[in-house]
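Participant: Got a structure here, written out as structure tokens. Questions coming.
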Protein chains: 2
Amino acid sequence: MPIDRKNEILPGTLEMLVLKTLSLGALHGYGISQHIRQLSKDVLQVEEGSLYPALQRMELKGLVSAEWKITPTKRRARYYKLTAAGRKQLGIEQSSFARVVEAIATVMQPES
Amino acid sequence: MPIDRKNEILPGTLEMLVLKTLSLGALHGYGISQHIRQLSKDVLQVEEGSLYPALQRMELKGLVSAEWKITPTKRRARYYKLTAAGRKQLGIEQSSFARVVEAIATVMQPES
DNA sequence: CGGCATACATAGATCACCTATGGGTAGGTG
DNA sequence: CACCTACCCATAGGTGATCTATGTATGCCG
């Protein structure tokens with residue numbers, strides 16, 4: 001099946017969204033998912049099967065660091081926070097994304 | 001290697017860009033590639049290894065139709081044009097894309 | 001005590017895209 | 001003429017992000 005974009009994020013943007021979310025404060029996976037979903041009014045649905053592997057990749061790359069903690073609701077959860085490299089990467093991805101989206105907008109603009 | 005976005009289009013947007021280009025008139029693959037590249041001021045580089053398979057997929061899906069012709073420069077080239085289904089699909093993808101980009105912008109907005 | 005929301009994790013598959021490579025032609029230039 | 005560059009098509013092979021599906025476990029509420 002081709003790309004569906006019904007409940008789905010744009011490939012390549014998940015990492016940026018996660019970095020941005022974590023720039024507001026440390027958070028666990030489930031919380032990240034909820035945050036993105038709520039802010040985007042359910043347009044961006046971050047599937048768990050996408051998010052957890054992404055977090056692991058990002059930890060491997062040194063963009064985030066992780067720590068087991070207990071949530072306010074008394075559950076064990078893995079809290080992630082931005083590293084310095086992660087904060088830098090957020091800036092890079094953000095401007096790169098803006099650049100590409102603007103280029104796409106230019107191409108999509110011609111009236112006829 | 002992770003996503004590079006140096007010369008590269010956003011995954012999932014190539015089809016939309018091609019549909020838009022063809023909505024301006026029938027064109028061959030090479031011309032489509034040049035058009036997107038020039039309009040985007042070299043930001044969007046459509047690789048041939050991405051484009052030709054994409055055109056074939058789109059033909060299979062009935063979004064475009066193809067015909068061998070001779071270019072003004074006297075070369076044989078495969079001209080593609082939008083079908084009715086393709087024009088409809090362009091509208092769908094365009095609004096879907098706008099919707100997702102706006103959602104991303106909302107998530108990326110919070111100041112701190 | 002059954003069900004739901006919370007919370008993490010992985011295997012397997014898919015699919016768009018990239019890299020690399022191949023072939024071929026028209027037109028100009030040394 | 002030989003060569004080069006721009007034009008034009010095509011495919012094999014690989015990568016990598018994402019999705020689907022599934023599994024585990026716990027706190028809480030009715």
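Going through the structure tokens in order, the chains are called A, B, and so on, while each chain numbers its residues from 1 and the ligands are numbered from 1 in the order shown.
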Could I have chain B as an mmCIF file with N, CA and C atoms, in the first residue's frame after it is superimposed on chain A by least squares, pairing all C-alpha atoms in sequence order?
Facilitator:
```
data_model
loop_
_atom_site.group_PDB
_atom_site.id
_atom_site.type_symbol
_atom_site.label_atom_id
_atom_site.label_comp_id
_atom_site.auth_asym_id
_atom_site.auth_seq_id
_atom_site.Cartn_x
_atom_site.Cartn_y
_atom_site.Cartn_z
ATOM 1 N N MET B 1 0.937 -1.342 -0.042
ATOM 2 C CA MET B 1 0.085 -0.159 0.018
ATOM 3 C C MET B 1 0.925 1.123 -0.010
ATOM 4 N N PRO B 2 0.518 2.084 -0.827
ATOM 5 C CA PRO B 2 1.259 3.339 -0.910
ATOM 6 C C PRO B 2 1.085 4.169 0.356
ATOM 7 N N ILE B 3 1.711 5.288 0.349
ATOM 8 C CA ILE B 3 1.678 6.171 1.521
ATOM 9 C C ILE B 3 0.266 6.616 1.837
ATOM 10 N N ASP B 4 -0.061 6.617 3.100
ATOM 11 C CA ASP B 4 -1.420 6.708 3.556
ATOM 12 C C ASP B 4 -1.722 8.032 4.245
ATOM 13 N N ARG B 5 -0.730 8.544 4.903
ATOM 14 C CA ARG B 5 -0.752 9.820 5.609
ATOM 15 C C ARG B 5 -2.052 10.130 6.307
ATOM 16 N N LYS B 6 -2.793 9.117 6.718
ATOM 17 C CA LYS B 6 -4.009 9.377 7.472
ATOM 18 C C LYS B 6 -3.655 9.651 8.919
ATOM 19 N N ASN B 7 -2.904 8.733 9.489
ATOM 20 C CA ASN B 7 -2.571 8.828 10.908
ATOM 21 C C ASN B 7 -1.085 8.978 11.121
ATOM 22 N N GLU B 8 -0.396 9.416 10.135
ATOM 23 C CA GLU B 8 1.001 9.049 10.031
ATOM 24 C C GLU B 8 1.844 10.301 9.921
ATOM 25 N N ILE B 9 3.030 10.229 10.456
ATOM 26 C CA ILE B 9 3.911 11.385 10.403
ATOM 27 C C ILE B 9 4.695 11.360 9.099
ATOM 28 N N LEU B 10 5.194 12.492 8.717
ATOM 29 C CA LEU B 10 6.032 12.583 7.524
ATOM 30 C C LEU B 10 7.350 11.890 7.790
ATOM 31 N N PRO B 11 7.715 10.942 6.950
ATOM 32 C CA PRO B 11 8.990 10.262 7.149
ATOM 33 C C PRO B 11 10.128 11.277 7.258
ATOM 34 N N GLY B 12 10.961 11.080 8.249
ATOM 35 C CA GLY B 12 12.101 11.966 8.418
ATOM 36 C C GLY B 12 11.857 13.074 9.418
ATOM 37 N N THR B 13 10.633 13.161 9.925
ATOM 38 C CA THR B 13 10.335 14.254 10.853
ATOM 39 C C THR B 13 10.165 13.791 12.292
ATOM 40 N N LEU B 14 10.087 12.474 12.480
ATOM 41 C CA LEU B 14 9.832 11.962 13.833
ATOM 42 C C LEU B 14 10.931 12.400 14.800
ATOM 43 N N GLU B 15 12.163 12.234 14.361
ATOM 44 C CA GLU B 15 13.289 12.583 15.225
ATOM 45 C C GLU B 15 13.238 14.048 15.640
ATOM 46 N N MET B 16 12.945 14.893 14.684
ATOM 47 C CA MET B 16 12.859 16.319 14.969
ATOM 48 C C MET B 16 11.768 16.623 15.977
ATOM 49 N N LEU B 17 10.621 15.982 15.818
ATOM 50 C CA LEU B 17 9.500 16.204 16.728
ATOM 51 C C LEU B 17 9.846 15.749 18.142
ATOM 52 N N VAL B 18 10.547 14.627 18.226
ATOM 53 C CA VAL B 18 10.943 14.114 19.533
ATOM 54 C C VAL B 18 11.953 15.047 20.182
ATOM 55 N N LEU B 19 12.926 15.483 19.415
ATOM 56 C CA LEU B 19 13.929 16.400 19.946
ATOM 57 C C LEU B 19 13.268 17.674 20.468
ATOM 58 N N LYS B 20 12.340 18.184 19.690
ATOM 59 C CA LYS B 20 11.638 19.403 20.098
ATOM 60 C C LYS B 20 10.873 19.189 21.402
ATOM 61 N N THR B 21 10.178 18.067 21.478
ATOM 62 C CA THR B 21 9.413 17.758 22.686
ATOM 63 C C THR B 21 10.320 17.674 23.908
ATOM 64 N N LEU B 22 11.463 17.020 23.723
ATOM 65 C CA LEU B 22 12.382 16.866 24.856
ATOM 66 C C LEU B 22 13.067 18.179 25.221
ATOM 67 N N SER B 23 13.089 19.111 24.280
ATOM 68 C CA SER B 23 13.706 20.401 24.582
ATOM 69 C C SER B 23 12.868 21.182 25.599
ATOM 70 N N LEU B 24 11.624 20.731 25.787
ATOM 71 C CA LEU B 24 10.752 21.371 26.776
ATOM 72 C C LEU B 24 10.911 20.741 28.156
ATOM 73 N N GLY B 25 11.696 19.672 28.230
ATOM 74 C CA GLY B 25 11.886 18.993 29.502
ATOM 75 C C GLY B 25 11.953 17.485 29.319
ATOM 76 N N ALA B 26 12.619 16.811 30.261
ATOM 77 C CA ALA B 26 12.762 15.361 30.177
ATOM 78 C C ALA B 26 11.383 14.708 30.216
ATOM 79 N N LEU B 27 11.265 13.614 29.489
ATOM 80 C CA LEU B 27 9.967 12.949 29.393
ATOM 81 C C LEU B 27 10.177 11.499 28.982
ATOM 82 N N HIS B 28 9.200 10.662 29.307
ATOM 83 C CA HIS B 28 9.281 9.262 28.905
ATOM 84 C C HIS B 28 8.569 9.054 27.579
ATOM 85 N N GLY B 29 8.800 7.902 26.979
ATOM 86 C CA GLY B 29 8.295 7.611 25.641
ATOM 87 C C GLY B 29 6.807 7.837 25.489
ATOM 88 N N TYR B 30 6.074 7.259 26.394
ATOM 89 C CA TYR B 30 4.619 7.395 26.307
ATOM 90 C C TYR B 30 4.197 8.859 26.357
ATOM 91 N N GLY B 31 4.851 9.612 27.236
ATOM 92 C CA GLY B 31 4.543 11.038 27.361
ATOM 93 C C GLY B 31 4.872 11.810 26.095
ATOM 94 N N ILE B 32 5.986 11.449 25.458
ATOM 95 C CA ILE B 32 6.370 12.092 24.207
ATOM 96 C C ILE B 32 5.288 11.868 23.165
ATOM 97 N N SER B 33 4.870 10.634 23.083
ATOM 98 C CA SER B 33 3.823 10.269 22.135
ATOM 99 C C SER B 33 2.541 11.077 22.356
ATOM 100 N N GLN B 34 2.138 11.166 23.622
ATOM 101 C CA GLN B 34 0.920 11.909 23.958
ATOM 102 C C GLN B 34 1.067 13.386 23.635
ATOM 103 N N HIS B 35 2.234 13.931 23.969
ATOM 104 C CA HIS B 35 2.475 15.358 23.770
ATOM 105 C C HIS B 35 2.339 15.743 22.298
ATOM 106 N N ILE B 36 2.986 14.968 21.453
ATOM 107 C CA ILE B 36 2.939 15.261 20.022
ATOM 108 C C ILE B 36 1.517 15.109 19.497
ATOM 109 N N ARG B 37 0.885 14.071 19.954
ATOM 110 C CA ARG B 37 -0.472 13.813 19.508
ATOM 111 C C ARG B 37 -1.435 14.930 19.914
ATOM 112 N N GLN B 38 -1.314 15.346 21.150
ATOM 113 C CA GLN B 38 -2.241 16.372 21.636
ATOM 114 C C GLN B 38 -1.978 17.732 21.002
ATOM 115 N N LEU B 39 -0.717 18.119 20.949
ATOM 116 C CA LEU B 39 -0.395 19.422 20.364
ATOM 117 C C LEU B 39 -0.858 19.493 18.904
ATOM 118 N N SER B 40 -0.772 18.375 18.229
ATOM 119 C CA SER B 40 -1.139 18.360 16.806
ATOM 120 C C SER B 40 -2.614 18.032 16.611
ATOM 121 N N LYS B 41 -3.335 17.993 17.676
ATOM 122 C CA LYS B 41 -4.773 17.690 17.614
ATOM 123 C C LYS B 41 -5.050 16.389 16.884
ATOM 124 N N ASP B 42 -4.312 15.367 17.263
ATOM 125 C CA ASP B 42 -4.501 14.018 16.719
ATOM 126 C C ASP B 42 -4.088 13.858 15.262
ATOM 127 N N VAL B 43 -3.521 14.881 14.667
ATOM 128 C CA VAL B 43 -3.072 14.731 13.282
ATOM 129 C C VAL B 43 -1.833 13.837 13.237
ATOM 130 N N LEU B 44 -0.940 14.057 14.171
ATOM 131 C CA LEU B 44 0.300 13.274 14.221
ATOM 132 C C LEU B 44 0.181 12.173 15.268
ATOM 133 N N GLN B 45 0.063 10.933 14.786
ATOM 134 C CA GLN B 45 -0.064 9.783 15.674
ATOM 135 C C GLN B 45 1.271 9.059 15.712
ATOM 136 N N VAL B 46 1.955 9.150 16.811
ATOM 137 C CA VAL B 46 3.240 8.489 16.920
ATOM 138 C C VAL B 46 3.042 7.064 17.418
ATOM 139 N N GLU B 47 3.193 6.108 16.532
ATOM 140 C CA GLU B 47 3.033 4.708 16.910
ATOM 141 C C GLU B 47 4.179 4.273 17.818
ATOM 142 N N GLU B 48 3.868 3.415 18.769
ATOM 143 C CA GLU B 48 4.890 2.957 19.691
ATOM 144 C C GLU B 48 5.994 2.182 18.981
ATOM 145 N N GLY B 49 5.578 1.428 17.969
ATOM 146 C CA GLY B 49 6.559 0.657 17.199
ATOM 147 C C GLY B 49 7.489 1.523 16.378
ATOM 148 N N SER B 50 7.149 2.785 16.232
ATOM 149 C CA SER B 50 8.052 3.727 15.579
ATOM 150 C C SER B 50 8.876 4.479 16.614
ATOM 151 N N LEU B 51 8.217 4.838 17.704
ATOM 152 C CA LEU B 51 8.838 5.724 18.681
ATOM 153 C C LEU B 51 9.982 5.072 19.447
ATOM 154 N N TYR B 52 9.727 3.874 19.990
ATOM 155 C CA TYR B 52 10.750 3.280 20.845
ATOM 156 C C TYR B 52 12.022 2.959 20.080
ATOM 157 N N PRO B 53 11.934 2.392 18.907
ATOM 158 C CA PRO B 53 13.162 2.226 18.125
ATOM 159 C C PRO B 53 13.844 3.563 17.817
ATOM 160 N N ALA B 54 13.062 4.583 17.555
ATOM 161 C CA ALA B 54 13.632 5.900 17.271
ATOM 162 C C ALA B 54 14.399 6.420 18.477
ATOM 163 N N LEU B 55 13.810 6.252 19.663
ATOM 164 C CA LEU B 55 14.484 6.708 20.881
ATOM 165 C C LEU B 55 15.800 5.962 21.086
ATOM 166 N N GLN B 56 15.773 4.671 20.775
ATOM 167 C CA GLN B 56 17.007 3.892 20.909
ATOM 168 C C GLN B 56 18.069 4.360 19.934
ATOM 169 N N ARG B 57 17.661 4.612 18.709
ATOM 170 C CA ARG B 57 18.609 5.143 17.714
ATOM 171 C C ARG B 57 19.206 6.460 18.194
ATOM 172 N N MET B 58 18.344 7.300 18.726
ATOM 173 C CA MET B 58 18.798 8.620 19.158
ATOM 174 C C MET B 58 19.722 8.526 20.364
ATOM 175 N N GLU B 59 19.462 7.558 21.206
ATOM 176 C CA GLU B 59 20.350 7.366 22.351
ATOM 177 C C GLU B 59 21.724 6.900 21.865
ATOM 178 N N LEU B 60 21.699 5.966 20.921
ATOM 179 C CA LEU B 60 22.943 5.467 20.327
ATOM 180 C C LEU B 60 23.752 6.595 19.705
ATOM 181 N N LYS B 61 23.056 7.507 19.071
ATOM 182 C CA LYS B 61 23.729 8.618 18.410
ATOM 183 C C LYS B 61 24.142 9.706 19.397
ATOM 184 N N GLY B 62 23.746 9.527 20.648
ATOM 185 C CA GLY B 62 24.152 10.501 21.657
ATOM 186 C C GLY B 62 23.305 11.771 21.666
ATOM 187 N N LEU B 63 22.137 11.714 21.050
ATOM 188 C CA LEU B 63 21.282 12.904 21.009
ATOM 189 C C LEU B 63 20.451 13.040 22.276
ATOM 190 N N VAL B 64 20.204 11.905 22.911
ATOM 191 C CA VAL B 64 19.450 11.915 24.159
ATOM 192 C C VAL B 64 20.134 10.977 25.156
ATOM 193 N N SER B 65 19.829 11.198 26.431
ATOM 194 C CA SER B 65 20.273 10.245 27.446
ATOM 195 C C SER B 65 19.041 9.758 28.181
ATOM 196 N N ALA B 66 19.155 8.563 28.757
ATOM 197 C CA ALA B 66 17.968 7.936 29.331
ATOM 198 C C ALA B 66 18.226 7.489 30.755
ATOM 199 N N GLU B 67 17.148 7.429 31.504
ATOM 200 C CA GLU B 67 17.248 7.039 32.901
ATOM 201 C C GLU B 67 15.904 6.498 33.368
ATOM 202 N N TRP B 68 15.947 5.382 34.110
ATOM 203 C CA TRP B 68 14.717 4.826 34.659
ATOM 204 C C TRP B 68 14.283 5.652 35.858
ATOM 205 N N LYS B 69 13.016 6.007 35.875
ATOM 206 C CA LYS B 69 12.471 6.748 37.012
ATOM 207 C C LYS B 69 11.060 6.272 37.291
ATOM 208 N N ILE B 70 10.475 6.859 38.328
ATOM 209 C CA ILE B 70 9.081 6.570 38.634
ATOM 210 C C ILE B 70 8.240 7.786 38.273
ATOM 211 N N THR B 71 7.177 7.553 37.587
ATOM 212 C CA THR B 71 6.311 8.659 37.163
ATOM 213 C C THR B 71 5.477 9.145 38.335
ATOM 214 N N PRO B 72 4.884 10.336 38.206
ATOM 215 C CA PRO B 72 3.942 10.818 39.233
ATOM 216 C C PRO B 72 2.798 9.825 39.442
ATOM 217 N N THR B 73 2.520 9.035 38.421
ATOM 218 C CA THR B 73 1.463 8.023 38.550
ATOM 219 C C THR B 73 2.023 6.698 39.056
ATOM 220 N N LYS B 74 3.236 6.760 39.597
ATOM 221 C CA LYS B 74 3.828 5.601 40.266
ATOM 222 C C LYS B 74 4.161 4.423 39.358
ATOM 223 N N ARG B 75 4.545 4.704 38.149
ATOM 224 C CA ARG B 75 4.964 3.635 37.263
ATOM 225 C C ARG B 75 6.426 3.815 36.918
ATOM 226 N N ARG B 76 7.043 2.710 36.596
ATOM 227 C CA ARG B 76 8.419 2.808 36.145
ATOM 228 C C ARG B 76 8.398 3.253 34.692
ATOM 229 N N ALA B 77 9.286 4.181 34.371
ATOM 230 C CA ALA B 77 9.313 4.702 33.009
ATOM 231 C C ALA B 77 10.723 5.174 32.683
ATOM 232 N N ARG B 78 11.038 5.112 31.414
ATOM 233 C CA ARG B 78 12.375 5.502 30.973
ATOM 234 C C ARG B 78 12.338 6.958 30.511
ATOM 235 N N TYR B 79 12.932 7.820 31.311
ATOM 236 C CA TYR B 79 12.918 9.249 31.005
ATOM 237 C C TYR B 79 14.086 9.604 30.102
ATOM 238 N N TYR B 80 13.778 10.322 29.051
ATOM 239 C CA TYR B 80 14.804 10.782 28.117
ATOM 240 C C TYR B 80 14.982 12.282 28.256
ATOM 241 N N LYS B 81 16.245 12.708 28.123
ATOM 242 C CA LYS B 81 16.452 14.154 28.040
ATOM 243 C C LYS B 81 17.480 14.473 26.970
ATOM 244 N N LEU B 82 17.410 15.686 26.485
ATOM 245 C CA LEU B 82 18.319 16.133 25.435
ATOM 246 C C LEU B 82 19.741 16.234 25.952
ATOM 247 N N THR B 83 20.692 15.831 25.116
ATOM 248 C CA THR B 83 22.085 16.136 25.380
ATOM 249 C C THR B 83 22.430 17.425 24.634
ATOM 250 N N ALA B 84 23.638 17.898 24.840
ATOM 251 C CA ALA B 84 24.071 19.087 24.097
ATOM 252 C C ALA B 84 24.036 18.809 22.599
ATOM 253 N N ALA B 85 24.495 17.622 22.227
ATOM 254 C CA ALA B 85 24.481 17.242 20.809
ATOM 255 C C ALA B 85 23.056 17.199 20.274
ATOM 256 N N GLY B 86 22.142 16.753 21.122
ATOM 257 C CA GLY B 86 20.746 16.681 20.721
ATOM 258 C C GLY B 86 20.167 18.063 20.471
ATOM 259 N N ARG B 87 20.543 18.985 21.331
ATOM 260 C CA ARG B 87 20.040 20.353 21.165
ATOM 261 C C ARG B 87 20.578 20.970 19.879
ATOM 262 N N LYS B 88 21.812 20.672 19.606
ATOM 263 C CA LYS B 88 22.412 21.171 18.372
ATOM 264 C C LYS B 88 21.724 20.546 17.152
ATOM 265 N N GLN B 89 21.518 19.243 17.250
ATOM 266 C CA GLN B 89 20.872 18.522 16.161
ATOM 267 C C GLN B 89 19.456 19.057 15.898
ATOM 268 N N LEU B 90 18.759 19.404 16.948
ATOM 269 C CA LEU B 90 17.422 19.978 16.805
ATOM 270 C C LEU B 90 17.462 21.222 15.922
ATOM 271 N N GLY B 91 18.430 22.084 16.185
ATOM 272 C CA GLY B 91 18.560 23.294 15.381
ATOM 273 C C GLY B 91 18.833 22.979 13.922
ATOM 274 N N ILE B 92 19.726 22.025 13.705
ATOM 275 C CA ILE B 92 20.068 21.639 12.339
ATOM 276 C C ILE B 92 18.841 21.120 11.604
ATOM 277 N N GLU B 93 18.154 20.196 12.238
ATOM 278 C CA GLU B 93 17.006 19.577 11.566
ATOM 279 C C GLU B 93 15.888 20.574 11.340
ATOM 280 N N GLN B 94 15.728 21.462 12.280
ATOM 281 C CA GLN B 94 14.671 22.453 12.175
ATOM 282 C C GLN B 94 14.889 23.375 10.971
ATOM 283 N N SER B 95 16.097 23.854 10.802
ATOM 284 C CA SER B 95 16.326 24.775 9.685
ATOM 285 C C SER B 95 16.354 24.026 8.362
ATOM 286 N N SER B 96 16.874 22.808 8.412
ATOM 287 C CA SER B 96 16.865 21.994 7.204
ATOM 288 C C SER B 96 15.443 21.703 6.752
ATOM 289 N N PHE B 97 14.597 21.396 7.708
ATOM 290 C CA PHE B 97 13.201 21.106 7.399
ATOM 291 C C PHE B 97 12.508 22.346 6.836
ATOM 292 N N ALA B 98 12.735 23.472 7.461
ATOM 293 C CA ALA B 98 12.120 24.717 6.993
ATOM 294 C C ALA B 98 12.537 25.011 5.556
ATOM 295 N N ARG B 99 13.805 24.784 5.302
ATOM 296 C CA ARG B 99 14.351 25.016 3.971
ATOM 297 C C ARG B 99 13.658 24.146 2.927
ATOM 298 N N VAL B 100 13.518 22.878 3.230
ATOM 299 C CA VAL B 100 12.909 21.947 2.281
ATOM 300 C C VAL B 100 11.425 22.251 2.094
ATOM 301 N N VAL B 101 10.744 22.519 3.178
ATOM 302 C CA VAL B 101 9.313 22.812 3.077
ATOM 303 C C VAL B 101 9.090 24.071 2.250
ATOM 304 N N GLU B 102 9.941 25.036 2.421
ATOM 305 C CA GLU B 102 9.795 26.260 1.634
ATOM 306 C C GLU B 102 10.037 25.978 0.155
ATOM 307 N N ALA B 103 11.015 25.142 -0.119
ATOM 308 C CA ALA B 103 11.293 24.775 -1.512
ATOM 309 C C ALA B 103 10.096 24.050 -2.118
ATOM 310 N N ILE B 104 9.505 23.160 -1.352
ATOM 311 C CA ILE B 104 8.322 22.447 -1.837
ATOM 312 C C ILE B 104 7.194 23.428 -2.103
ATOM 313 N N ALA B 105 7.015 24.360 -1.179
ATOM 314 C CA ALA B 105 5.959 25.356 -1.352
ATOM 315 C C ALA B 105 6.163 26.140 -2.638
ATOM 316 N N THR B 106 7.403 26.468 -2.936
ATOM 317 C CA THR B 106 7.702 27.212 -4.164
ATOM 318 C C THR B 106 7.293 26.416 -5.393
ATOM 319 N N VAL B 107 7.612 25.130 -5.381
ATOM 320 C CA VAL B 107 7.269 24.299 -6.530
ATOM 321 C C VAL B 107 5.758 24.118 -6.642
ATOM 322 N N MET B 108 5.097 24.039 -5.495
ATOM 323 C CA MET B 108 3.658 23.774 -5.501
ATOM 324 C C MET B 108 2.835 25.012 -5.786
ATOM 325 N N GLN B 109 3.487 26.138 -5.858
ATOM 326 C CA GLN B 109 2.760 27.398 -5.947
ATOM 327 C C GLN B 109 2.168 27.721 -7.323
ATOM 328 N N PRO B 110 2.897 27.507 -8.428
ATOM 329 C CA PRO B 110 2.441 27.977 -9.736
ATOM 330 C C PRO B 110 0.970 27.698 -9.979
ATOM 331 N N GLU B 111 0.265 28.739 -10.432
ATOM 332 C CA GLU B 111 -1.197 28.657 -10.544
ATOM 333 C C GLU B 111 -1.659 27.776 -11.692
ATOM 334 N N SER B 112 -1.028 27.938 -12.827
ATOM 335 C CA SER B 112 -1.407 27.116 -13.961
ATOM 336 C C SER B 112 -0.254 27.003 -14.950
#
```
Participant: What are the DSSP alpha helix (DSSP H) residues of stretch 1-106 of chain A, as a PyMOL selection string?
Facilitator: chain A and resi 14-23+29-39+48-60+84-106
Participant: Please, what distance in Å, to one decimal, runs between atom C1' of D:DT24 and atom C1' of C:DA5?
Facilitator: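 So the two atoms, atom C1' of D:DT24 and atom C1' of C:DA5, lie 15.3 Å apart.
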Participant: Can you build me a table of chain D residues sitting at most 9 Å from chain B, with the closest atom pair per residue and its distance in Å to one decimal, using only C-alpha atoms (C1' of nucleotides), sorted by chain and residue number, as a Markdown table?
Facilitator:
```
| residue | atom | partner | partner_atom | distance |
| --- | --- | --- | --- | --- |
| D:DC7 | C1' | B:Arg75 | CA | 8.0 |
| D:DC8 | C1' | B:Ala77 | CA | 6.4 |
| D:DC9 | C1' | B:Ala77 | CA | 7.7 |
| D:DA10 | C1' | B:Tyr52 | CA | 7.5 |
| D:DT11 | C1' | B:Gly49 | CA | 8.5 |
| D:DT15 | C1' | B:Met1 | CA | 8.1 |
| D:DG16 | C1' | B:Pro2 | CA | 7.4 |
| D:DA17 | C1' | B:Ile3 | CA | 8.9 |
```
Participant: Return as CSV the residues of chain C lying at most 8 Å from chain A, together with the closest atom-to-atom pair for each and the distance in Å to one decimal, counting only C-alpha atoms (C1' of nucleotides), with rows in chain order and ascending residue number.
Facilitator:
```
residue,atom,partner,partner_atom,distance
C:DT6,C1',A:Tyr30,CA,8.0
C:DA7,C1',A:Ala77,CA,6.4
C:DC8,C1',A:Ala77,CA,7.7
C:DA9,C1',A:Tyr52,CA,7.5
C:DC15,C1',A:Pro2,CA,7.5
```
Participant: For the atom pair atom C1' of D:DT18 and atom C1' of C:DT19, what is the interatomic distance in Å to one decimal place?
Facilitator: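 Calculated distance between atom C1' of D:DT18 and atom C1' of C:DT19 is 21.5 Å.
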Participant: Determine which residues of chain B receive a DSSP assignment of strand (DSSP E or B), computed from the backbone, and state them as a VMD selection string.
Facilitator: chain B and resid 27 to 28 64 to 70 76 to 82
Participant: Pick the closest to D:DG30 from C:DC18, C:DT10, C:DG27, C:DC4: which is it, counting only C-alpha atoms (C1' of nucleotides)?
Facilitator: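 The closest residue to D:DG30 is C:DC4.
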